[in-house]
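> For reference, the structure I am asking about is given below.
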Amino acid sequence: MRLPRPLDSKKMLIQKMLSRIGLALAFCCLATAAPVRLIFDTDMGNDVDDAVALAVIHALESRGEATLLAVTVTKDNRWAAPFIDVMNTFYGRGDIPIGVVHDGKTPEDGNMIRLPSERKRPDGSFVYPHHLLDGRDAPEAVGLLRHVLAREKDGAVVIVQVGFSTNLARLLDSKADAALVKRKVCLLSLMGGAFPAGKPEYNIETDIPSAKKLFAEWPTAIVASGFEIGERILYPAASILHDYKYVPDHPLAEAYRDYMKMPYDRPMWDPTAVLYAVRPSAFSLSARGTITVDDEGRTHFTAGGEGRHRYLTASPEQCSAALRAIIELASSPPSPAAAR
Ligand SMILES: [Ca+2]
């Protein structure tokens, strides 16, 4: 065994400091005033909180806090992408690219995505205009992610993943794409898992191999919003009934009514990952560490100074403030200047 020479230990110290600075930058990449450049990866159709999260993103874009670059889908159902197009078009941004998973999870239909996408007026026109009528006509998600990331500035992109890890794990399959992610992405804000420990959570459990790969290989900082955060932030049915009347037909209010029998107060798991991505001071963070996924889909957090992973924590006051922000943002009318 060779003892480290003084030069080696100095070098090691400098390397350690640089690595810490790098991590600090990674966790602070959101602290700029410029709009956060977002990619939204969702299993739209499995729960209505994905739709609330997308409405929140549009409101944040209208306020100059975010720019939605693309939406990619991990629910392998033909109505997911048309419904996302319905929402994007409603908010004046029907040109946002949408990519879909092939051979993915949860192919079953969902009323919250199918009914608003299909509904027509007596004259045959759509109640919610949109162009993408069938998800099978949309580009494949991994290729779209590669294309969108390639044209962004280094370190500029935040990815919000609120479904399964299928698309992002596949993006890591090639070394070139993994290097692209490392260069372009500064943060992955995801909803998934339970922290510091808990039962297997749906987003993780549905595609365990992809979640394992993502936490093991994703080359940037990851902040996870666990089940226990959104569970404490319940969207009030009363808001759905009263705050969306500024138009006769609202795709989010309709999706909410189509998802389950009203009235119900749904936990806002997914919007918390969006909120953190754009307004990081909304929550607190665990120490740095490493998240792993076991064979049953449970997440395990091991604290350690050099780890790239953290999870959200929230006081009762932070939960109340997050709920107020989600209601206010989701129910904001489209910006008149939104068309782009
Ligand atoms: Ca979701």
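Residues are named by chain letter and number: chains run A, B, ... in the order of the structure tokens, numbers start at 1 in each chain, and ligands are numbered from 1 in the order shown.
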Enumerate as a PyMOL selection string the residues within 8 Å of ligand 1, counting only C-alpha atoms and all ligand atoms.
chain A and resi 42-50+162-164+191+203+269-270
> Could you pull the residues within 7 Å of Val278 of chain A, counting only C-alpha atoms, minus those fewer than 2 positions along the same chain, as an mmCIF file with N, CA, C and O atoms, in the first residue's frame?

```cif
data_model
loop_
_atom_site.group_PDB
_atom_site.id
_atom_site.type_symbol
_atom_site.label_atom_id
_atom_site.label_comp_id
_atom_site.auth_asym_id
_atom_site.auth_seq_id
_atom_site.Cartn_x
_atom_site.Cartn_y
_atom_site.Cartn_z
ATOM 1 N N LEU A 30 -31.149 26.610 -10.570
ATOM 2 C CA LEU A 30 -32.468 27.220 -10.759
ATOM 3 C C LEU A 30 -32.515 28.633 -10.216
ATOM 4 O O LEU A 30 -33.537 29.284 -10.290
ATOM 5 N N VAL A 36 -37.150 29.015 -16.472
ATOM 6 C CA VAL A 36 -36.566 27.671 -16.392
ATOM 7 C C VAL A 36 -36.999 26.880 -17.628
ATOM 8 O O VAL A 36 -38.189 26.824 -17.952
ATOM 9 N N GLU A 65 -41.813 32.552 -15.836
ATOM 10 C CA GLU A 65 -40.957 31.785 -14.932
ATOM 11 C C GLU A 65 -40.452 30.484 -15.559
ATOM 12 O O GLU A 65 -39.540 29.858 -15.027
ATOM 13 N N ALA A 66 -41.075 30.041 -16.638
ATOM 14 C CA ALA A 66 -40.691 28.768 -17.250
ATOM 15 C C ALA A 66 -40.938 28.808 -18.752
ATOM 16 O O ALA A 66 -41.727 29.629 -19.239
ATOM 17 N N VAL A 274 -43.129 19.930 -10.260
ATOM 18 C CA VAL A 274 -43.081 21.116 -11.133
ATOM 19 C C VAL A 274 -42.725 22.349 -10.305
ATOM 20 O O VAL A 274 -41.850 23.142 -10.672
ATOM 21 N N LEU A 275 -43.411 22.484 -9.180
ATOM 22 C CA LEU A 275 -43.211 23.661 -8.336
ATOM 23 C C LEU A 275 -41.753 23.736 -7.882
ATOM 24 O O LEU A 275 -41.135 24.807 -7.935
ATOM 25 N N TYR A 276 -41.195 22.607 -7.456
ATOM 26 C CA TYR A 276 -39.791 22.624 -7.027
ATOM 27 C C TYR A 276 -38.877 23.007 -8.192
ATOM 28 O O TYR A 276 -37.926 23.771 -8.030
ATOM 29 N N PRO A 280 -37.752 26.637 -6.437
ATOM 30 C CA PRO A 280 -37.143 25.683 -5.503
ATOM 31 C C PRO A 280 -37.302 26.058 -4.029
ATOM 32 O O PRO A 280 -37.255 25.181 -3.169
#
```
> For Arg310 of chain A, find every residue with an atom within 7 Å (counting only C-alpha atoms), except residues of its own chain fewer than 2 positions away, and show them as number ranges by chain.
A: 222-224, 285-289, 308, 312
> Enumerate as a list in words all residues of segment 235-326 of chain A assigned to strand (DSSP E or B) by DSSP on the backbone, naming them with the chain letters and numbers the document uses.
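Here is the list: Tyr235, Arg266, Pro267, Ser284, Leu285, Gly289, Thr290, Ile291, Thr292, Val293, Thr299, His300, Phe301, Thr302, Ala303, His309, Arg310, Tyr311, Leu312 and Thr313 of chain A.
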> Given the choices A:His131, A:Arg78, A:Arg298, A:Lys182, which gets closest to Pro200 of chain A if the distance is worked out from only C-alpha atoms?
A:Arg298
> Residues near segment 207-209 of chain A, anyone? I mean within 8 Å using only C-alpha atoms, not counting same-chain ones fewer than 6 positions away, as a PyMOL selection string.
chain A and resi 105+164-166+293+295-297
> To one decimal in Å, tell me the separation between atom CA of Ser320 of chain A and atom CA of Ile113 of chain A.
28.5 Å
> Can you list, as a VMD selection string, every protein, DNA or RNA residue that comes within 9 Å of Ile39 of chain A when you count only C-alpha atoms, leaving out same-chain residues fewer than 5 positions away?
chain A and resid 67 to 72 145 148 157 to 161
> How many Å separate atom CA of Leu323 of chain A from atom CA of Ile233 of chain A?
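Computing it gives 5.8 Å between the two atoms.
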> From segment 211-338 of chain A, collect each residue whose DSSP state is helix (DSSP H, G or I) and return the set as a PyMOL selection string.
chain A and resi 211-217+227-230+237-242+251-259+269-278+280-282+316-330
> Write out as a compact mmCIF listing (two decimals) with N, CA and C atoms, in the first residue's frame which residues come within 9 Å of segment 80-90 of chain A when counting only C-alpha atoms, dropping same-chain ones fewer than 5 positions away.

```txt
# COMPACT_ATOMS: atom_id res chain seq x y z
N ASP A 43 -47.01 10.39 -17.24
CA ASP A 43 -47.87 9.26 -17.60
C ASP A 43 -49.32 9.75 -17.68
N MET A 44 -49.51 10.85 -18.37
CA MET A 44 -50.82 11.51 -18.46
C MET A 44 -51.94 10.50 -18.74
N GLY A 45 -52.94 10.51 -17.86
CA GLY A 45 -54.08 9.62 -18.04
C GLY A 45 -54.24 8.65 -16.89
N ALA A 51 -52.46 16.34 -15.09
CA ALA A 51 -53.12 17.42 -15.83
C ALA A 51 -53.01 18.73 -15.06
N LEU A 54 -49.53 20.05 -15.60
CA LEU A 54 -49.34 20.68 -16.91
C LEU A 54 -49.96 22.08 -16.94
N ALA A 55 -51.12 22.24 -16.31
CA ALA A 55 -51.75 23.57 -16.22
C ALA A 55 -50.85 24.52 -15.43
N HIS A 58 -48.06 25.75 -17.64
CA HIS A 58 -48.49 26.80 -18.56
C HIS A 58 -48.63 28.15 -17.86
N VAL A 71 -43.08 17.85 -24.25
CA VAL A 71 -43.74 16.93 -23.31
C VAL A 71 -43.52 15.52 -23.84
N THR A 72 -43.05 14.63 -22.99
CA THR A 72 -42.91 13.23 -23.39
C THR A 72 -43.77 12.36 -22.47
N VAL A 73 -44.27 11.27 -23.03
CA VAL A 73 -45.30 10.49 -22.37
C VAL A 73 -44.79 9.07 -22.09
N LYS A 75 -47.12 6.84 -20.59
CA LYS A 75 -48.31 5.98 -20.64
C LYS A 75 -48.54 5.58 -22.09
N ASP A 95 -48.04 24.30 -30.35
CA ASP A 95 -46.87 23.90 -31.14
C ASP A 95 -45.81 23.17 -30.29
N ILE A 96 -46.06 22.99 -29.03
CA ILE A 96 -45.06 22.31 -28.19
C ILE A 96 -44.95 20.84 -28.62
N PRO A 97 -43.74 20.37 -28.94
CA PRO A 97 -43.61 18.98 -29.40
C PRO A 97 -43.98 17.97 -28.31
N ILE A 98 -44.60 16.89 -28.75
CA ILE A 98 -45.04 15.82 -27.84
C ILE A 98 -44.45 14.51 -28.35
N GLY A 99 -43.79 13.76 -27.48
CA GLY A 99 -43.22 12.46 -27.85
C GLY A 99 -43.85 11.36 -27.03
N VAL A 100 -44.00 10.19 -27.63
CA VAL A 100 -44.69 9.10 -26.93
C VAL A 100 -43.79 7.87 -26.79
N ASP A 109 -57.09 2.50 -21.41
CA ASP A 109 -57.73 3.79 -21.63
C ASP A 109 -57.99 4.51 -20.31
N GLY A 110 -58.14 5.81 -20.40
CA GLY A 110 -58.54 6.58 -19.23
C GLY A 110 -59.54 7.64 -19.66
N MET A 112 -60.23 10.44 -18.38
CA MET A 112 -59.77 11.84 -18.26
C MET A 112 -58.99 12.31 -19.47
N ILE A 113 -58.41 11.37 -20.22
CA ILE A 113 -57.71 11.78 -21.45
C ILE A 113 -58.57 11.57 -22.70
N ARG A 114 -59.41 10.52 -22.68
CA ARG A 114 -60.16 10.20 -23.89
C ARG A 114 -61.37 11.13 -24.09
N LEU A 115 -62.16 11.34 -23.02
CA LEU A 115 -63.41 12.10 -23.20
C LEU A 115 -63.17 13.55 -23.63
N PRO A 116 -62.27 14.31 -22.97
CA PRO A 116 -62.06 15.69 -23.46
C PRO A 116 -61.46 15.72 -24.87
N SER A 117 -60.67 14.71 -25.23
CA SER A 117 -60.05 14.70 -26.57
C SER A 117 -61.07 14.40 -27.66
N TYR A 128 -62.60 21.02 -27.60
CA TYR A 128 -61.23 21.45 -27.29
C TYR A 128 -60.37 21.23 -28.54
N PRO A 129 -60.17 22.30 -29.32
CA PRO A 129 -59.43 22.12 -30.58
C PRO A 129 -58.03 21.57 -30.34
N HIS A 130 -57.59 20.69 -31.20
CA HIS A 130 -56.23 20.15 -31.15
C HIS A 130 -55.93 19.48 -32.48
N HIS A 131 -54.64 19.29 -32.75
CA HIS A 131 -54.23 18.72 -34.04
C HIS A 131 -53.86 17.26 -33.95
N LEU A 132 -53.26 16.87 -32.83
CA LEU A 132 -52.77 15.49 -32.69
C LEU A 132 -53.94 14.61 -32.25
N LEU A 133 -54.48 13.85 -33.19
CA LEU A 133 -55.71 13.12 -32.91
C LEU A 133 -55.46 11.71 -32.40
N ASP A 134 -54.24 11.23 -32.56
CA ASP A 134 -53.92 9.86 -32.14
C ASP A 134 -52.44 9.82 -31.75
N GLY A 135 -52.17 9.39 -30.52
CA GLY A 135 -50.79 9.37 -30.03
C GLY A 135 -49.86 8.54 -30.89
N ARG A 136 -50.45 7.59 -31.64
CA ARG A 136 -49.60 6.74 -32.49
C ARG A 136 -48.99 7.51 -33.65
N ALA A 138 -47.60 10.49 -33.11
CA ALA A 138 -46.60 11.40 -32.52
C ALA A 138 -45.21 10.78 -32.62
N HIS A 250 -63.69 23.86 -19.85
CA HIS A 250 -62.27 23.93 -19.46
C HIS A 250 -61.70 22.51 -19.43
N PRO A 251 -60.63 22.25 -20.20
CA PRO A 251 -60.16 20.86 -20.31
C PRO A 251 -59.67 20.27 -18.98
N LEU A 252 -59.08 21.10 -18.11
CA LEU A 252 -58.62 20.56 -16.83
C LEU A 252 -59.81 20.24 -15.92
N PRO A 334 -55.59 31.34 -19.57
CA PRO A 334 -54.47 31.43 -20.50
C PRO A 334 -54.08 32.89 -20.71
N ALA A 339 -49.92 32.79 -27.40
CA ALA A 339 -49.72 32.19 -28.71
C ALA A 339 -48.29 32.44 -29.18
```
> Taking 5 positions as the minimum chain separation for residues in the same chain, which residues sit within 9 Å of Ser332 of chain A when counting only C-alpha atoms? Answer as a PDB file with N, CA and C atoms, in the first residue's frame.

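Done, and the output landed in part.pdb:
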```pdb
ATOM      1  N   ALA A  55     -51.125  22.236 -16.306  1.00  0.00           N
ATOM      2  CA  ALA A  55     -51.746  23.573 -16.224  1.00  0.00           C
ATOM      3  C   ALA A  55     -50.851  24.521 -15.430  1.00  0.00           C
ATOM      4  N   VAL A  56     -50.244  24.006 -14.370  1.00  0.00           N
ATOM      5  CA  VAL A  56     -49.330  24.832 -13.556  1.00  0.00           C
ATOM      6  C   VAL A  56     -48.140  25.275 -14.402  1.00  0.00           C
ATOM      7  N   ALA A  59     -49.166  28.126 -16.636  1.00  0.00           N
ATOM      8  CA  ALA A  59     -49.309  29.391 -15.899  1.00  0.00           C
ATOM      9  C   ALA A  59     -47.936  29.962 -15.566  1.00  0.00           C
ATOM     10  N   ASP A 243     -63.505  27.753  -9.818  1.00  0.00           N
ATOM     11  CA  ASP A 243     -62.417  28.601 -10.317  1.00  0.00           C
ATOM     12  C   ASP A 243     -62.163  28.486 -11.822  1.00  0.00           C
ATOM     13  N   TYR A 244     -62.901  27.634 -12.501  1.00  0.00           N
ATOM     14  CA  TYR A 244     -62.619  27.397 -13.931  1.00  0.00           C
ATOM     15  C   TYR A 244     -63.769  27.849 -14.815  1.00  0.00           C
ATOM     16  N   ILE A 327     -53.280  25.943  -6.711  1.00  0.00           N
ATOM     17  CA  ILE A 327     -54.651  26.350  -7.067  1.00  0.00           C
ATOM     18  C   ILE A 327     -54.611  27.628  -7.919  1.00  0.00           C
TER      19      ILE A 327
END
```
> Between atom CA of Thr206 of chain A and atom CA of Asn77 of chain A, what distance in Å does the model show, to one decimal?
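So the answer is 15.0 Å.
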> With distances taken over only C-alpha atoms, which of A:Lys199, A:Arg93, A:His102, A:Lys175 is nearest to Gly226 of chain A?
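Selected residue with least distance to Gly226 of chain A: A:Lys199.
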